[in-house]
Every structure is written in C-alpha cells, then in structure tokens.
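**Q** So here's data15.cif, just mmCIF, C-alpha atoms:
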```cif
data_structure
loop_
_atom_site.group_PDB
_atom_site.id
_atom_site.type_symbol
_atom_site.label_atom_id
_atom_site.label_comp_id
_atom_site.auth_asym_id
_atom_site.auth_seq_id
_atom_site.Cartn_x
_atom_site.Cartn_y
_atom_site.Cartn_z
ATOM 1 C CA ASP W 925 8.027 26.552 -11.460
ATOM 2 C CA HIS W 926 5.433 24.423 -13.267
ATOM 3 C CA ARG W 927 3.149 26.180 -15.680
ATOM 4 C CA GLN W 928 0.766 25.028 -18.353
ATOM 5 C CA PRO W 929 2.166 25.428 -21.886
ATOM 6 C CA LYS W 930 0.532 28.066 -24.029
ATOM 7 C CA HIS W 931 -0.473 25.510 -26.649
ATOM 8 C CA GLU W 932 -2.633 23.565 -24.203
ATOM 9 C CA ARG W 933 -6.282 24.560 -23.891
ATOM 10 C CA ARG W 934 -9.171 23.192 -21.890
ATOM 11 C CA HIS W 935 -12.634 22.884 -23.438
ATOM 12 C CA ASP W 936 -15.966 21.358 -22.631
ATOM 13 C CA VAL W 937 -16.218 17.644 -23.383
ATOM 14 C CA GLY W 938 -19.243 18.265 -25.561
ATOM 15 C CA GLY W 939 -18.794 18.313 -29.305
ATOM 16 C CA ASP W 940 -19.695 16.410 -32.384
ATOM 17 C CA ARG W 941 -16.291 15.135 -33.445
ATOM 18 C CA GLU W 942 -16.641 11.475 -34.159
ATOM 19 C CA HIS W 943 -13.173 10.489 -33.043
ATOM 20 C CA ARG W 944 -13.789 12.063 -29.615
ATOM 21 C CA GLN W 945 -16.872 9.959 -29.147
ATOM 22 C CA ARG W 946 -15.000 6.810 -30.142
ATOM 23 C CA GLU W 947 -12.190 7.547 -27.667
ATOM 24 C CA ALA W 948 -14.664 8.232 -24.878
ATOM 25 C CA GLN W 949 -16.559 4.999 -25.517
ATOM 26 C CA GLU W 950 -13.402 2.903 -25.724
ATOM 27 C CA ALA W 951 -12.050 4.306 -22.482
ATOM 28 C CA VAL W 952 -15.326 3.718 -20.599
ATOM 29 C CA ALA W 953 -14.492 7.027 -18.988
ATOM 30 C CA ALA W 954 -15.511 7.674 -15.412
ATOM 31 C CA HIS W 955 -15.228 11.341 -16.142
ATOM 32 C CA LEU W 956 -13.994 13.450 -19.024
ATOM 33 C CA GLU W 957 -12.100 16.673 -18.886
ATOM 34 C CA LYS W 958 -10.499 19.036 -21.409
ATOM 35 C CA ASP W 959 -7.411 21.090 -20.586
ATOM 36 C CA SER W 960 -6.809 24.656 -21.709
ATOM 37 C CA SER W 961 -4.778 27.647 -20.580
ATOM 38 C CA GLN W 962 -7.572 29.944 -21.775
ATOM 39 C CA HIS W 963 -10.580 28.467 -20.045
ATOM 40 C CA ASP W 964 -11.367 25.385 -17.994
ATOM 41 C CA ARG W 965 -14.825 23.876 -18.064
ATOM 42 C CA THR W 966 -15.524 20.326 -16.932
ATOM 43 C CA ARG W 967 -18.713 18.403 -16.357
ATOM 44 C CA ARG W 968 -19.698 15.089 -14.904
ATOM 45 C CA ASP W 969 -20.177 12.245 -17.366
ATOM 46 C CA PRO W 970 -23.728 10.885 -16.803
ATOM 47 C CA GLY W 971 -22.270 7.364 -16.714
ATOM 48 C CA THR W 972 -19.864 8.069 -13.873
ATOM 49 C CA PRO W 973 -20.362 5.516 -11.088
ATOM 50 C CA PRO W 974 -21.248 6.933 -7.640
ATOM 51 C CA ASP W 975 -18.063 5.606 -6.026
ATOM 52 C CA ARG W 976 -15.932 8.139 -7.911
ATOM 53 C CA ASP W 977 -17.409 11.535 -7.140
ATOM 54 C CA ILE W 978 -15.396 14.259 -8.870
ATOM 55 C CA ALA W 979 -14.233 16.057 -5.775
ATOM 56 C CA PHE W 980 -12.388 18.830 -7.553
ATOM 57 C CA LEU W 981 -15.601 20.093 -9.184
ATOM 58 C CA ARG W 982 -17.089 20.719 -5.767
ATOM 59 C CA ALA W 983 -13.848 22.184 -4.447
ATOM 60 C CA GLY W 984 -13.825 25.132 -6.840
ATOM 61 C CA HIS W 985 -11.022 23.878 -9.066
ATOM 62 C CA VAL W 986 -12.589 24.971 -12.344
ATOM 63 C CA GLY W 987 -10.367 27.475 -14.123
ATOM 64 C CA ARG W 988 -7.305 26.620 -12.037
ATOM 65 C CA SER W 989 -4.049 24.922 -12.959
ATOM 66 C CA VAL W 990 -3.765 21.204 -12.247
ATOM 67 C CA PHE W 991 -0.818 22.119 -10.018
ATOM 68 C CA ASP W 992 -3.267 23.888 -7.718
ATOM 69 C CA PHE W 993 -5.253 20.781 -6.794
ATOM 70 C CA LEU W 994 -3.168 17.716 -7.728
ATOM 71 C CA PRO W 995 -0.024 16.497 -5.975
ATOM 72 C CA PRO W 996 3.020 17.756 -7.905
ATOM 73 C CA HIS W 997 4.026 14.318 -9.216
ATOM 74 C CA LEU W 998 0.518 13.654 -10.572
ATOM 75 C CA ALA W 999 0.218 17.113 -12.096
ATOM 76 C CA GLU W 1000 3.605 16.755 -13.793
ATOM 77 C CA ARG W 1001 2.719 13.320 -15.130
ATOM 78 C CA LYS W 1002 -0.565 14.638 -16.521
ATOM 79 C CA MET W 1003 1.196 17.532 -18.243
ATOM 80 C CA ARG W 1004 3.788 15.216 -19.788
ATOM 81 C CA ALA W 1005 1.029 12.966 -21.141
ATOM 82 C CA ILE W 1006 -0.876 15.931 -22.581
ATOM 83 C CA GLU W 1007 2.239 17.314 -24.269
ATOM 84 C CA ALA W 1008 3.151 13.875 -25.673
ATOM 85 C CA ALA W 1009 -0.364 13.282 -27.011
ATOM 86 C CA ILE W 1010 -0.440 16.662 -28.783
ATOM 87 C CA ARG W 1011 3.111 16.295 -30.121
ATOM 88 C CA THR W 1012 2.896 12.708 -31.383
ATOM 89 C CA GLY W 1013 -0.807 12.196 -31.950
ATOM 90 C CA HIS W 1014 -0.569 8.876 -30.084
ATOM 91 C CA LEU W 1015 -2.895 7.851 -27.279
ATOM 92 C CA GLN W 1016 -1.155 8.121 -23.895
ATOM 93 C CA VAL W 1017 -2.223 5.668 -21.192
ATOM 94 C CA TYR W 1018 -1.007 5.470 -17.600
ATOM 95 C CA GLU W 1019 -2.240 4.562 -14.136
ATOM 96 C CA GLN W 1020 -2.223 6.648 -10.986
ATOM 97 C CA ALA W 1021 -3.116 6.357 -7.321
ATOM 98 C CA ILE W 1022 -4.878 9.407 -5.920
ATOM 99 C CA THR W 1023 -6.487 10.164 -2.577
ATOM 100 C CA VAL W 1024 -9.988 11.623 -2.831
ATOM 101 C CA GLU W 1025 -11.612 12.784 0.393
ATOM 102 C CA GLY W 1026 -9.295 10.554 2.421
ATOM 103 C CA GLU W 1027 -9.870 7.425 0.313
ATOM 104 C CA LEU W 1028 -7.257 5.942 -2.015
ATOM 105 C CA HIS W 1029 -8.403 5.433 -5.613
ATOM 106 C CA TYR W 1030 -6.609 3.710 -8.473
ATOM 107 C CA GLU W 1031 -7.324 5.223 -11.868
ATOM 108 C CA GLU W 1032 -6.452 4.693 -15.510
ATOM 109 C CA VAL W 1033 -5.811 7.916 -17.416
ATOM 110 C CA ARG W 1034 -6.080 8.113 -21.214
ATOM 111 C CA VAL W 1035 -4.976 11.225 -23.053
ATOM 112 C CA ALA W 1036 -5.877 11.638 -26.719
ATOM 113 C CA LYS W 1037 -5.098 14.440 -29.138
ATOM 114 C CA SER W 1038 -8.378 15.987 -30.274
ATOM 115 C CA ASP W 1039 -7.051 18.989 -32.221
ATOM 116 C CA SER W 1040 -3.746 20.618 -33.091
ATOM 117 C CA ASP W 1041 -3.578 22.263 -29.686
ATOM 118 C CA GLU W 1042 -6.179 20.328 -27.739
ATOM 119 C CA ALA W 1043 -6.219 17.154 -25.652
ATOM 120 C CA LEU W 1044 -9.020 14.987 -24.308
ATOM 121 C CA LEU W 1045 -8.513 13.247 -20.952
ATOM 122 C CA MET W 1046 -10.525 10.196 -19.936
ATOM 123 C CA ILE W 1047 -10.207 8.785 -16.431
ATOM 124 C CA ARG W 1048 -11.796 5.620 -15.088
ATOM 125 C CA ASN W 1049 -11.743 3.937 -11.729
ATOM 126 C CA ILE W 1050 -9.765 0.666 -11.718
ATOM 127 C CA ASN W 1051 -9.930 -0.057 -7.990
ATOM 128 C CA GLU W 1052 -11.267 -3.584 -8.433
ATOM 129 C CA ARG W 1053 -8.663 -4.632 -10.977
ATOM 130 C CA LYS W 1054 -5.776 -2.944 -9.174
ATOM 131 C CA THR W 1055 -6.751 -4.464 -5.845
ATOM 132 C CA ALA W 1056 -6.811 -7.919 -7.450
ATOM 133 C CA GLU W 1057 -3.394 -7.325 -9.017
ATOM 134 C CA LEU W 1058 -1.906 -6.172 -5.706
ATOM 135 C CA GLU W 1059 -3.349 -9.176 -3.871
ATOM 136 C CA LEU W 1060 -1.924 -11.529 -6.499
ATOM 137 C CA ALA W 1061 1.493 -9.858 -6.260
ATOM 138 C CA LYS W 1062 1.365 -10.148 -2.458
ATOM 139 C CA ARG W 1063 0.505 -13.839 -2.710
ATOM 140 C CA ASP W 1064 3.403 -14.359 -5.115
ATOM 141 C CA ARG W 1065 5.766 -12.694 -2.614
ATOM 142 C CA TYR W 1066 4.464 -14.949 0.171
ATOM 143 C CA MET W 1067 4.946 -18.081 -1.899
ATOM 144 C CA THR W 1068 8.432 -17.045 -3.020
ATOM 145 C CA ALA W 1069 9.474 -16.327 0.573
ATOM 146 C CA LEU W 1070 7.985 -19.637 1.743
ATOM 147 C CA VAL W 1071 9.957 -21.611 -0.847
ATOM 148 C CA GLU W 1072 13.197 -19.802 0.007
ATOM 149 C CA ILE W 1073 12.675 -20.404 3.742
ATOM 150 C CA GLN W 1074 11.947 -24.086 3.141
ATOM 151 C CA GLN W 1075 15.148 -24.395 1.114
ATOM 152 C CA LEU W 1076 17.123 -22.805 3.954
ATOM 153 C CA LEU W 1077 15.576 -25.146 6.509
ATOM 154 C CA LEU W 1078 16.454 -28.165 4.403
ATOM 155 C CA SER W 1079 19.999 -27.119 3.554
ATOM 156 C CA THR W 1080 21.217 -25.353 6.717
ATOM 157 C CA GLN W 1081 22.205 -26.740 10.089
ATOM 158 C CA VAL W 1082 19.464 -26.032 12.594
ATOM 159 C CA ASN W 1083 20.732 -23.595 15.217
ATOM 160 C CA GLY W 1084 20.124 -20.019 16.321
ATOM 161 C CA ALA W 1085 22.007 -18.577 13.366
ATOM 162 C CA LEU W 1086 19.403 -20.088 11.034
ATOM 163 C CA TYR W 1087 17.028 -17.255 11.928
ATOM 164 C CA ASP W 1088 19.384 -14.537 10.685
ATOM 165 C CA PRO W 1089 18.626 -14.966 6.940
ATOM 166 C CA ILE W 1090 14.971 -15.894 7.536
ATOM 167 C CA LEU W 1091 13.850 -12.881 9.575
ATOM 168 C CA PRO W 1092 14.653 -10.305 6.850
ATOM 169 C CA MET W 1093 12.608 -12.367 4.380
ATOM 170 C CA ILE W 1094 9.638 -12.392 6.737
ATOM 171 C CA GLY W 1095 9.963 -8.679 7.465
ATOM 172 C CA ASP W 1096 10.189 -7.839 3.782
ATOM 173 C CA VAL W 1097 7.249 -9.937 2.605
ATOM 174 C CA PHE W 1098 4.987 -8.527 5.325
ATOM 175 C CA GLU W 1099 6.342 -4.991 4.787
ATOM 176 C CA ALA W 1100 7.050 -4.848 8.519
ATOM 177 C CA ASP W 1101 9.446 -2.641 10.455
ATOM 178 C CA GLY W 1102 10.819 -5.591 12.372
ATOM 179 C CA ALA W 1103 10.732 -9.358 12.811
ATOM 180 C CA TYR W 1104 11.873 -11.282 15.850
ATOM 181 C CA ILE W 1105 12.049 -14.596 17.664
ATOM 182 C CA PHE W 1106 11.143 -15.317 21.287
ATOM 183 C CA GLU W 1107 12.233 -18.730 22.552
ATOM 184 C CA HIS W 1108 11.251 -20.838 25.535
ATOM 185 C CA HIS W 1109 13.718 -21.884 28.182
ATOM 186 C CA ARG W 1110 13.536 -22.975 31.799
ATOM 187 C CA ASP W 1111 14.674 -21.101 34.866
ATOM 188 C CA ASP W 1112 16.567 -22.625 37.784
ATOM 189 C CA GLU W 1113 13.311 -23.951 39.205
ATOM 190 C CA GLY W 1114 12.276 -25.612 35.968
ATOM 191 C CA ASN W 1115 9.567 -23.097 35.077
ATOM 192 C CA VAL W 1116 9.049 -22.143 31.439
ATOM 193 C CA ARG W 1117 10.239 -18.662 30.549
ATOM 194 C CA VAL W 1118 10.369 -16.879 27.199
ATOM 195 C CA SER W 1119 13.068 -14.474 25.998
ATOM 196 C CA HIS W 1120 13.756 -12.303 22.976
ATOM 197 C CA THR W 1121 16.647 -14.064 21.206
ATOM 198 C CA ARG W 1122 16.772 -12.970 17.534
ATOM 199 C CA GLU W 1123 15.757 -9.833 15.679
ATOM 200 C CA TRP W 1124 15.776 -8.010 12.349
ATOM 201 C CA CYS W 1125 14.899 -4.309 12.021
ATOM 202 C CA LYS W 1126 14.512 -1.908 9.127
ATOM 203 C CA ALA W 1127 16.903 1.031 8.997
ATOM 204 C CA GLY W 1128 15.858 3.684 11.475
ATOM 205 C CA ILE W 1129 14.063 1.269 13.819
ATOM 206 C CA THR W 1130 15.490 0.938 17.327
ATOM 207 C CA PRO W 1131 16.519 -2.700 18.045
ATOM 208 C CA GLN W 1132 15.109 -4.327 21.165
ATOM 209 C CA ILE W 1133 17.346 -7.397 21.283
ATOM 210 C CA ASP W 1134 19.219 -6.124 24.348
ATOM 211 C CA ASN W 1135 16.129 -4.865 26.167
ATOM 212 C CA PRO W 1136 16.215 -6.572 29.605
ATOM 213 C CA GLU W 1137 12.434 -6.248 29.930
ATOM 214 C CA LEU W 1138 12.081 -8.756 27.092
ATOM 215 C CA LYS W 1139 14.058 -11.480 28.845
ATOM 216 C CA ASN W 1140 12.865 -14.252 31.178
ATOM 217 C CA LEU W 1141 9.180 -13.419 30.747
ATOM 218 C CA ASP W 1142 6.525 -15.492 32.468
ATOM 219 C CA TYR W 1143 3.511 -16.137 30.251
ATOM 220 C CA GLN W 1144 1.074 -16.237 33.142
ATOM 221 C CA VAL W 1145 2.411 -13.082 34.788
ATOM 222 C CA ASP W 1146 3.717 -10.946 31.927
ATOM 223 C CA LEU W 1147 1.766 -12.131 28.854
ATOM 224 C CA PRO W 1148 -1.476 -13.744 30.075
ATOM 225 C CA TRP W 1149 -3.706 -12.565 27.224
ATOM 226 C CA MET W 1150 -1.120 -13.484 24.588
ATOM 227 C CA PHE W 1151 -0.751 -16.962 26.107
ATOM 228 C CA GLU W 1152 -4.535 -17.409 25.997
ATOM 229 C CA GLN W 1153 -4.648 -16.283 22.353
ATOM 230 C CA PHE W 1154 -1.989 -18.804 21.389
ATOM 231 C CA GLN W 1155 -3.998 -21.541 23.080
ATOM 232 C CA THR W 1156 -7.377 -20.608 21.590
ATOM 233 C CA VAL W 1157 -7.051 -18.529 18.410
ATOM 234 C CA GLY W 1158 -3.548 -19.707 17.493
ATOM 235 C CA VAL W 1159 -2.105 -16.289 16.636
ATOM 236 C CA VAL W 1160 -1.918 -12.729 17.941
ATOM 237 C CA ASN W 1161 -2.769 -10.209 15.256
ATOM 238 C CA GLY W 1162 -3.974 -6.620 15.204
ATOM 239 C CA PRO W 1163 -3.454 -3.071 16.469
ATOM 240 C CA VAL W 1164 -1.635 -2.799 19.769
ATOM 241 C CA SER W 1165 -4.160 -0.194 20.932
ATOM 242 C CA THR W 1166 -6.891 -2.877 21.071
ATOM 243 C CA MET W 1167 -4.921 -5.288 23.270
ATOM 244 C CA PRO W 1168 -5.280 -5.649 27.046
ATOM 245 C CA GLY W 1169 -3.142 -3.707 29.506
ATOM 246 C CA LEU W 1170 0.008 -5.762 30.075
ATOM 247 C CA GLU W 1171 0.603 -6.695 26.450
ATOM 248 C CA ARG W 1172 -0.299 -3.202 25.278
ATOM 249 C CA GLU W 1173 2.182 -1.652 27.709
ATOM 250 C CA HIS W 1174 4.979 -4.027 26.646
ATOM 251 C CA LEU W 1175 4.470 -3.376 22.943
ATOM 252 C CA ALA W 1176 3.672 0.339 23.081
ATOM 253 C CA ALA W 1177 6.866 0.939 25.077
ATOM 254 C CA GLN W 1178 8.770 -0.390 22.036
ATOM 255 C CA GLY W 1179 6.904 1.911 19.659
ATOM 256 C CA ILE W 1180 4.975 -0.973 18.082
ATOM 257 C CA CYS W 1181 1.622 -0.012 16.525
ATOM 258 C CA SER W 1182 0.430 -3.367 15.155
ATOM 259 C CA ILE W 1183 1.727 -6.888 15.343
ATOM 260 C CA LEU W 1184 1.438 -10.462 14.064
ATOM 261 C CA GLU W 1185 2.727 -13.213 16.362
ATOM 262 C CA VAL W 1186 2.697 -16.901 15.469
ATOM 263 C CA PRO W 1187 3.718 -19.774 17.776
ATOM 264 C CA LEU W 1188 6.769 -21.832 16.783
ATOM 265 C CA ARG W 1189 6.142 -25.557 17.068
ATOM 266 C CA ALA W 1190 8.203 -28.681 16.499
ATOM 267 C CA ASN W 1191 7.183 -32.296 17.147
ATOM 268 C CA GLY W 1192 3.855 -31.095 18.495
ATOM 269 C CA GLU W 1193 5.404 -28.800 21.117
ATOM 270 C CA THR W 1194 5.573 -25.007 21.195
ATOM 271 C CA PHE W 1195 9.088 -23.681 21.721
ATOM 272 C CA GLY W 1196 8.518 -19.957 21.167
ATOM 273 C CA PHE W 1197 6.945 -17.422 18.850
#
```
Let me see the structure of the file written as structure tokens.

**A**
Amino acid sequence: DHRQPKHERRHDVGGDREHRQREAQEAVAAHLEKDSSQHDRTRRDPGTPPDRDIAFLRAGHVGRSVFDFLPPHLAERKMRAIEAAIRTGHLQVYEQAITVEGELHYEEVRVAKSDSDEALLMIRNINERKTAELELAKRDRYMTALVEIQQLLLSTQVNGALYDPILPMIGDVFEADGAYIFEHHRDDEGNVRVSHTREWCKAGITPQIDNPELKNLDYQVDLPWMFEQFQTVGVVNGPVSTMPGLEREHLAAQGICSILEVPLRANGETFGF
C-alpha cells in the first residue's frame, strides 16, 4: 500500500522565491511540478520542447497520486527522492526511462526542497545524451567481445569445439536469444550442403541443434533468397516477417522473429554462416 506522506504537498510552480527560480534555471527543466497531498496543480513550462508533451496533464491526472499514473517503481523512486530532499535539504538527482504514448523517453529528475514540507520537481528530456551513452556502451561491448574472440582464435586449437566459448559471447553482445553455426559439407555426389552444427541458447529457448530439418540443406532448393543475399549484400539481417516464403517458413517454425546471419570465410572461401 503506497500512499503519499502527510508532510508532502503539491503547489503551483509559480512563486517569487529566488532559490526556486535558480533551481529551475539550473535544471533547464522540461516541465516543473509541485507535489502535495492537499492539492495538485501543474502547468506546462513555456520553454518545454515539443518532443516532450506532458501526457499526464491531458489524461486527467491532476489531483491524483503519482501511483495512479506512474509505474510503481517510478512512483516509489519519486516518493523516495521527495522524502530525501525534504529531510536532508539536499538536491536529489536521478534518471528514469518512461514510456509516453508508446514512445520511450529518458529523463533526468531533480528534486529540491523548497519549504519545510514542500518539494520542487524539475524534469528534462535527456534522450539525445542517453542514446549517445547507450551507443557508446554497445560499441565498447562489441570491441571487448571482438578482442576476446581474437584471443581465443589465436590461443586455441581450431576445431568444432572452438565455437562453444565464442557463441555465448556473440549472443550476449547482440542481446540475442540464440547464436549458431551452419557449416558446409558435401554429400555423396559431391554437392555442397549446409547443416546446423553448433548452437548456444538463452535459458528458456528451445534448442534446434537436433532438428533434422536443419541438416543437409541445399542452398538453391531450401535457402535460395539467403544464398542470393550472401552473394550480393553480404549478410542477412532483419525481421523474419519481411523475408520470402522458404526462409520465412524455416525461421518462423523455430520461433525466430528477427535474425542476423553472416557468412564464415577462410582463405577467400565461404565455409558456412
């Protein structure tokens, strides 16, 4: 049972207190709001950029508890910050990810004590900065995985078992549900075939390593579009739903929604993907 404490009140952001104005300017607030258990009045800051429309004002949230319109974890975090700001007098700063009208927004929240029982909240959109940080972190993960894989290739005997430590790294860095290897071989007539030979799956994902339908495949018959993509584009990447019939049927039957496939080459020859 989460309730607002009696000492917390919500007031209009207007007012002539100098320290409020300083806090608002320093935060470059996208919108300002005051919290109160007695009344709840918010208004749009004239400087709010158009990409962060305050959805809860239109949704009739005025006068309601934050637990009525925020996810529980965000409402609880806001309440903790408000209580800490009022108790200590120190500025509380944290970041949150919130979905507004189906779109994910990253925000910085600043909570400042404005009176003995009053707190001022300032929220600004940090999508651009957060997106850059996430992209940099993703690049760092890619580079770390690449170095580790290179070290394995240089220090381990090359055989099928080499894939076992590499596939989990690839799956983890791409945040995938599974990673696998298909390798070329020849049938009794000397024709090139491709078979599923190695696999890593996240917990809860059904392995396909023993699926007979993924053995002895003929590129021209079973994977014609994929073979063409390898020859022209170089990779297969995207939602399964957009792929042609045969490939879509193969992948959808395994519960795969999207995929990235890259040819494996050595000495100028492709030996799988």

**Q** Figure out the distance between atom CA of Tyr1018 of chain W and atom CA of Tyr1030 of chain W, please, to one decimal in Å.

**A**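 Between atom CA of Tyr1030 of chain W and atom CA of Tyr1018 of chain W the gap works out to 10.9 Å.
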
**Q** Excluding same-chain residues fewer than 2 positions from segment 1163-1167 of chain W, what lies within 12 Å of it counting all atoms listed in the file, as an NGL selection string?

**A** :W and (1147-1150 or 1153 or 1160-1161 or 1169-1185)

**Q** Deliver the residues from the most recent selection as a file, using C-alpha atoms, as a JSON list (two decimals), keeping the file's coordinate frame.

**A**
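So the final result, stored in result39.json, reads:
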```json
[["chain", "number", "residue", "atom", "x", "y", "z"],
["W", 1147, "LEU", "CA", 1.77, -12.13, 28.85],
["W", 1148, "PRO", "CA", -1.48, -13.74, 30.08],
["W", 1149, "TRP", "CA", -3.71, -12.56, 27.22],
["W", 1150, "MET", "CA", -1.12, -13.48, 24.59],
["W", 1153, "GLN", "CA", -4.65, -16.28, 22.35],
["W", 1160, "VAL", "CA", -1.92, -12.73, 17.94],
["W", 1161, "ASN", "CA", -2.77, -10.21, 15.26],
["W", 1169, "GLY", "CA", -3.14, -3.71, 29.51],
["W", 1170, "LEU", "CA", 0.01, -5.76, 30.08],
["W", 1171, "GLU", "CA", 0.60, -6.70, 26.45],
["W", 1172, "ARG", "CA", -0.30, -3.20, 25.28],
["W", 1173, "GLU", "CA", 2.18, -1.65, 27.71],
["W", 1174, "HIS", "CA", 4.98, -4.03, 26.65],
["W", 1175, "LEU", "CA", 4.47, -3.38, 22.94],
["W", 1176, "ALA", "CA", 3.67, 0.34, 23.08],
["W", 1177, "ALA", "CA", 6.87, 0.94, 25.08],
["W", 1178, "GLN", "CA", 8.77, -0.39, 22.04],
["W", 1179, "GLY", "CA", 6.90, 1.91, 19.66],
["W", 1180, "ILE", "CA", 4.97, -0.97, 18.08],
["W", 1181, "CYS", "CA", 1.62, -0.01, 16.52],
["W", 1182, "SER", "CA", 0.43, -3.37, 15.16],
["W", 1183, "ILE", "CA", 1.73, -6.89, 15.34],
["W", 1184, "LEU", "CA", 1.44, -10.46, 14.06],
["W", 1185, "GLU", "CA", 2.73, -13.21, 16.36]]
```

**Q** If I take atom CA of Val1118 of chain W and atom CA of Val1159 of chain W, how far is one from the other in Å, to one decimal?

**A** 16.4 Å

**Q** Which residue gives the smallest distance to Ala1103 of chain W among W:Val1186, W:Met1067, W:Leu1077, W:Leu1060, with all atoms listed in the file counted?

**A**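 Among the listed residues, the smallest separation from Ala1103 of chain W belongs to W:Val1186.
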
**Q** Quick one, how far is atom CA of Gln1081 of chain W from atom CA of Glu1107 of chain W?

**A** 17.9 Å

**Q** When the PyMOL selection byres ((chain W and resi 1013) around 10) is applied to the structure above, which residues does it catch, written out as a list in words?

**A**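 Checked against the file, the PyMOL selection byres ((chain W and resi 1013) around 10) matches Glu1007, Ala1008, Ala1009, Ile1010, Arg1011, Thr1012, His1014, Leu1015, Gln1016, Val1035, Ala1036, Lys1037, Ser1038, Asp1039, Ser1040 and Ala1043 of chain W.
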
**Q** For Glu1019 of chain W, which of W:Thr1068, W:Met1003, W:Ile1047, W:Asp1134 is the closest residue, counting only C-alpha atoms?

**A** W:Ile1047

**Q** Please return, as an NGL selection string, all polymer residues that have at least one atom within 9 Å of the point (21.0, -11.3, 17.9); use only C-alpha atoms and the file's own coordinate frame.

**A** :W and (1084-1085 or 1088 or 1120-1124 or 1133-1134)

**Q** Can you sort out the box for segment 994-1005 of chain W, edges along x, y and z, all listed atoms in, 8 Å on every side, with centre and edge lengths in Å to one decimal, as JSON?

**A**
```
{"center_x": 0.4, "center_y": 15.4, "center_z": -13.6, "size_x": 23.2, "size_y": 20.8, "size_z": 31.2}
```

**Q** Neighbouring residues of Asn1115 of chain W were defined as those with any atom within 12 Å, considering all atoms listed in the file; residues of the same chain fewer than 3 positions away were excluded. Please report them as a PDB file with C-alpha atoms, keeping the file's coordinate frame.

**A**
```pdb
ATOM      1  CA  HIS W1108      11.251 -20.838  25.535  1.00  0.00           C
ATOM      2  CA  HIS W1109      13.718 -21.884  28.182  1.00  0.00           C
ATOM      3  CA  ARG W1110      13.536 -22.975  31.799  1.00  0.00           C
ATOM      4  CA  ASP W1111      14.674 -21.101  34.866  1.00  0.00           C
ATOM      5  CA  ASP W1112      16.567 -22.625  37.784  1.00  0.00           C
ATOM      6  CA  VAL W1118      10.369 -16.879  27.199  1.00  0.00           C
ATOM      7  CA  ASN W1140      12.865 -14.252  31.178  1.00  0.00           C
ATOM      8  CA  LEU W1141       9.180 -13.419  30.747  1.00  0.00           C
ATOM      9  CA  ASP W1142       6.525 -15.492  32.468  1.00  0.00           C
ATOM     10  CA  TYR W1143       3.511 -16.137  30.251  1.00  0.00           C
ATOM     11  CA  GLN W1144       1.074 -16.237  33.142  1.00  0.00           C
TER      12      GLN W1144
END
```

**Q** At a cut-off of 10 Å, using only C-alpha atoms, what residues contact Leu1076 of chain W? Leave out same-chain residues fewer than 5 positions from it and give the result as a list in words.

**A**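 In the requested form, the answer reads Leu1070, Val1071, Gln1081, Val1082, Leu1086, Tyr1087, Pro1089 and Ile1090 of chain W.
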
**Q** Find the spatial neighbours of Pro1187 of chain W, counting all atoms listed in the file, within a cut-off of 8 Å - ignore same-chain residues fewer than 2 positions away - and output them as an NGL selection string.

**A** :W and (1154 or 1158-1159 or 1185 or 1189 or 1194-1197)

**Q** Missing atoms in segment 1183-1187 of chain W need filling: write out all heavy atoms for it as a PDB file, in the coordinates of the input.

**A**
```
ATOM      1  N   ILE W1183       0.830  -5.741  15.204  1.00  0.00           N
ATOM      2  CA  ILE W1183       1.727  -6.888  15.343  1.00  0.00           C
ATOM      3  C   ILE W1183       1.055  -8.168  14.859  1.00  0.00           C
ATOM      4  O   ILE W1183      -0.178  -8.303  14.896  1.00  0.00           O
ATOM      5  CB  ILE W1183       2.156  -7.041  16.818  1.00  0.00           C
ATOM      6  CG1 ILE W1183       3.417  -7.891  16.933  1.00  0.00           C
ATOM      7  CG2 ILE W1183       1.024  -7.595  17.667  1.00  0.00           C
ATOM      8  CD1 ILE W1183       4.083  -7.774  18.286  1.00  0.00           C
ATOM      9  N   LEU W1184       1.870  -9.101  14.380  1.00  0.00           N
ATOM     10  CA  LEU W1184       1.438 -10.462  14.064  1.00  0.00           C
ATOM     11  C   LEU W1184       2.407 -11.408  14.750  1.00  0.00           C
ATOM     12  O   LEU W1184       3.609 -11.358  14.503  1.00  0.00           O
ATOM     13  CB  LEU W1184       1.447 -10.710  12.554  1.00  0.00           C
ATOM     14  CG  LEU W1184       1.260 -12.170  12.108  1.00  0.00           C
ATOM     15  CD1 LEU W1184      -0.112 -12.687  12.522  1.00  0.00           C
ATOM     16  CD2 LEU W1184       1.452 -12.308  10.600  1.00  0.00           C
ATOM     17  N   GLU W1185       1.892 -12.252  15.634  1.00  0.00           N
ATOM     18  CA  GLU W1185       2.727 -13.213  16.362  1.00  0.00           C
ATOM     19  C   GLU W1185       2.185 -14.614  16.140  1.00  0.00           C
ATOM     20  O   GLU W1185       0.988 -14.857  16.286  1.00  0.00           O
ATOM     21  CB  GLU W1185       2.765 -12.878  17.851  1.00  0.00           C
ATOM     22  CG  GLU W1185       3.469 -11.558  18.139  1.00  0.00           C
ATOM     23  CD  GLU W1185       3.506 -11.237  19.620  1.00  0.00           C
ATOM     24  OE1 GLU W1185       2.624 -11.753  20.346  1.00  0.00           O
ATOM     25  OE2 GLU W1185       4.387 -10.490  20.048  1.00  0.00           O
ATOM     26  N   VAL W1186       3.076 -15.528  15.780  1.00  0.00           N
ATOM     27  CA  VAL W1186       2.697 -16.901  15.469  1.00  0.00           C
ATOM     28  C   VAL W1186       3.549 -17.851  16.303  1.00  0.00           C
ATOM     29  O   VAL W1186       4.779 -17.716  16.349  1.00  0.00           O
ATOM     30  CB  VAL W1186       2.914 -17.199  13.969  1.00  0.00           C
ATOM     31  CG1 VAL W1186       2.510 -18.631  13.647  1.00  0.00           C
ATOM     32  CG2 VAL W1186       2.137 -16.214  13.115  1.00  0.00           C
ATOM     33  N   PRO W1187       2.936 -18.815  16.985  1.00  0.00           N
ATOM     34  CA  PRO W1187       3.718 -19.774  17.776  1.00  0.00           C
ATOM     35  C   PRO W1187       4.652 -20.600  16.913  1.00  0.00           C
ATOM     36  O   PRO W1187       4.337 -20.937  15.765  1.00  0.00           O
ATOM     37  CB  PRO W1187       2.643 -20.657  18.414  1.00  0.00           C
ATOM     38  CG  PRO W1187       1.386 -19.873  18.341  1.00  0.00           C
ATOM     39  CD  PRO W1187       1.494 -19.048  17.098  1.00  0.00           C
TER      40      PRO W1187
END
```
